[in-house]
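Notes to accompany the following structure.
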Amino acid sequence: MQAYGQFCPVAKGAEVFAERWMPLVLRELLCGSTRFNDLHRGVPLMSRSLLSGRLKRLQDIGAVVRKQGPDGPEYHLTESGRDFAPIVDQLGQWGQRWYRSRFTRDELDVGVLMWAMRRRVNSTVFPADRIAVQFDFSDQPASKRSWWLVCEDGQIDICPTDPGFEVGLYVATDLRTMTRVYMGDLPVPAAVRSAAIKLSGLRELSQRFERWLGLSRFAAIRDPRQPVHRPAKRVRSAPAACVQMSD
């Protein structure tokens, strides 16, 4: 990115943060991704060479360090990198409050959704044994239609191909519905009642669906431009007037 040519701290910060894709790379790092392939799963439309360049930029300014992990190179935020957390959080809050998604086709990506959902699943609700949940998206091409969420020893993983494990619960829906649910725009009970989400399999998993699913950390933010629907107040009727009877 070309420098702004100003000493102003806003300009200096923007020279890093305002580079295209940089906020999303920082989002993935702040969410705990450390390996290159995992980072790329969170930003699949970003070329791998561009991602490599952005990580190099963060290393050059001391916001990220590259370390050798047990499975290859890893990228870890330094103190200065972690200082981006409130900026990313505030950006997300503003976006959800004032410029939230309308869930048009160009904003939806099944891989991005499943990767994001993986981070929010409450694994403590699952049984102790390994369990698999199969998501089937009716509006996706065959190669992207089915995804598997696997919980084992409290660890959650997402598989785009059949891992071969016994499936405890099937979730049938479409991508827009599931994304709206994850982002808090469509309540889980409403989606299930309307059959926009159909659950079949183990009763204990389907009954606990809302508990283990987990929503976006921004899901509770309300759109202030939408009217708030409050239940109507019950008006107590006045007692009937007493009529004085004469003898």
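If you're wondering about the labels, chains in the structure tokens are A, B, ... by order shown, residues count from 1 in each chain, ligands from 1 in order shown.
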
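Taking the backbone of this structure through DSSP, the residues of range 145-239 of chain A that come out as helix (DSSP H, G or I) are Leu175, Arg176, Thr177, Met178, Thr179, Arg180, Val181, Tyr182, Val188, Pro189, Ala190, Ala191, Val192, Arg193, Arg203, Glu204, Leu205, Ser206, Gln207, Phe209, Glu210, Arg211, Trp212 and Leu213 of chain A.
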
For range 16-27 of chain A, work out the shell of residues within 10 Å, counting only C-alpha atoms and skipping chain neighbours fewer than 5 positions away, then give it as JSON, numbers by chain.
-> {"A": [1, 2, 3, 11, 32, 33, 39, 40, 42, 43, 45, 46, 50, 51, 54, 55, 57, 58, 61, 63, 64, 77, 81, 82, 84, 85, 87, 88, 89, 91, 92]}

Which residues come within 6 Å of Val121 in chain A, counting only C-alpha atoms, excluding same-chain residues fewer than 4 positions away, as a PDB file with N, CA and C atoms, in the first residue's frame?
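Generated file (around35.pdb):
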ATOM      1  N   TRP A 212     -25.888 -26.306  21.303  1.00  0.00           N
ATOM      2  CA  TRP A 212     -24.517 -26.572  20.860  1.00  0.00           C
ATOM      3  C   TRP A 212     -24.134 -25.804  19.606  1.00  0.00           C
ATOM      4  N   LEU A 213     -25.111 -25.330  18.849  1.00  0.00           N
ATOM      5  CA  LEU A 213     -24.786 -24.683  17.579  1.00  0.00           C
ATOM      6  C   LEU A 213     -23.884 -23.469  17.766  1.00  0.00           C
ATOM      7  N   GLY A 214     -24.254 -22.568  18.623  1.00  0.00           N
ATOM      8  CA  GLY A 214     -23.451 -21.352  18.793  1.00  0.00           C
ATOM      9  C   GLY A 214     -23.673 -20.386  17.645  1.00  0.00           C
TER      10      GLY A 214
END

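Using only C-alpha atoms, the shortest contact distance between His76 in chain A and any of A:Gln93, A:Ser101, A:Gln59, A:Thr34 is found at A:Thr34.
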
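With distances restricted to only C-alpha atoms, A:Gly201 is the closest residue to Val167 in chain A from A:Pro127, A:Pro141, A:Gly201, A:Pro86.
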
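With only C-alpha atoms as the atoms that count, the minimum distance from Arg119 in chain A to the choices A:Val192, A:Leu169, A:Leu205, A:Ile156 is reached by A:Ile156.
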
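Closest to Gln134 in chain A among A:Ser80, A:Thr177, A:Ser194, A:Ser200 is A:Ser200, based on only C-alpha atoms.
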
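Residue nearest Cys159 in chain A, chosen from A:Leu202, A:Ala190, A:Met114, A:Cys8 and counting only C-alpha atoms: A:Met114.
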
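The residue that comes closest to Val112 in chain A, out of A:Pro44, A:Pro189, A:Gly168, A:Gly69 and on the basis of only C-alpha atoms, is A:Pro44.
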
Applying 9 Å and only C-alpha atoms, which residues near Asp136 in chain A remain after dropping the ones on its own chain fewer than 6 positions away? List them as a PDB file with N, CA and C atoms, in the first residue's frame.
ATOM      1  N   LYS A 144     -20.191 -29.232  -2.958  1.00  0.00           N
ATOM      2  CA  LYS A 144     -20.194 -28.430  -1.736  1.00  0.00           C
ATOM      3  C   LYS A 144     -21.465 -28.636  -0.904  1.00  0.00           C
ATOM      4  N   ARG A 145     -22.256 -29.614  -1.266  1.00  0.00           N
ATOM      5  CA  ARG A 145     -23.571 -29.751  -0.640  1.00  0.00           C
ATOM      6  C   ARG A 145     -23.491 -30.281   0.786  1.00  0.00           C
ATOM      7  N   SER A 146     -22.620 -31.246   1.047  1.00  0.00           N
ATOM      8  CA  SER A 146     -22.569 -31.897   2.355  1.00  0.00           C
ATOM      9  C   SER A 146     -21.280 -31.566   3.088  1.00  0.00           C
ATOM     10  N   TRP A 147     -21.436 -31.252   4.375  1.00  0.00           N
ATOM     11  CA  TRP A 147     -20.303 -30.943   5.258  1.00  0.00           C
ATOM     12  C   TRP A 147     -20.512 -31.693   6.565  1.00  0.00           C
ATOM     13  N   TRP A 148     -19.401 -32.076   7.182  1.00  0.00           N
ATOM     14  CA  TRP A 148     -19.474 -32.840   8.410  1.00  0.00           C
ATOM     15  C   TRP A 148     -18.772 -32.081   9.538  1.00  0.00           C
ATOM     16  N   TYR A 170     -28.537 -35.279  11.279  1.00  0.00           N
ATOM     17  CA  TYR A 170     -28.547 -34.688   9.943  1.00  0.00           C
ATOM     18  C   TYR A 170     -29.260 -33.347  10.017  1.00  0.00           C
ATOM     19  N   VAL A 171     -28.638 -32.319   9.424  1.00  0.00           N
ATOM     20  CA  VAL A 171     -29.224 -30.982   9.387  1.00  0.00           C
ATOM     21  C   VAL A 171     -29.426 -30.614   7.920  1.00  0.00           C
ATOM     22  N   ALA A 172     -30.686 -30.524   7.498  1.00  0.00           N
ATOM     23  CA  ALA A 172     -31.010 -30.190   6.111  1.00  0.00           C
ATOM     24  C   ALA A 172     -31.529 -28.752   6.052  1.00  0.00           C
ATOM     25  N   THR A 173     -30.900 -27.945   5.209  1.00  0.00           N
ATOM     26  CA  THR A 173     -31.281 -26.537   5.123  1.00  0.00           C
ATOM     27  C   THR A 173     -30.737 -25.963   3.814  1.00  0.00           C
ATOM     28  N   ASP A 174     -30.708 -24.649   3.698  1.00  0.00           N
ATOM     29  CA  ASP A 174     -30.054 -23.987   2.573  1.00  0.00           C
ATOM     30  C   ASP A 174     -29.067 -22.977   3.145  1.00  0.00           C
TER      31      ASP A 174
END

Residue contacts of Trp98 in chain A (8 Å, only C-alpha atoms) excluding same-chain residues fewer than 4 positions away, as a CSV table (one decimal) with C-alpha atoms, in the first residue's frame:
chain,number,residue,atom,x,y,z
A,94,TRP,CA,-20.4,-1.2,13.4
A,223,ASP,CA,-30.2,-3.2,13.7
A,224,PRO,CA,-31.3,0.2,15.1

Which neighbours of Asp153 in chain A fall inside 9 Å, counting only C-alpha atoms, when residues of the same chain fewer than 5 positions from it are skipped, and could you give them as a PyMOL selection string?
-> chain A and resi 123+128-130

Expressed in Å to a single decimal, how great is the separation between CA of Phe218 in chain A and CA of Asp106 in chain A?
-> 20.5 Å

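Interatomic distance, CA of Phe137 in chain A against CA of Leu29 in chain A: 28.0 Å.
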
Taking the chain letters and numbering used in this document, name the residues of range 108-240 of chain A that DSSP puts in strand (DSSP E), as a VMD selection string.
-> chain A and resid 131 to 137 146 to 152 155 to 159 167 to 173 198 to 201
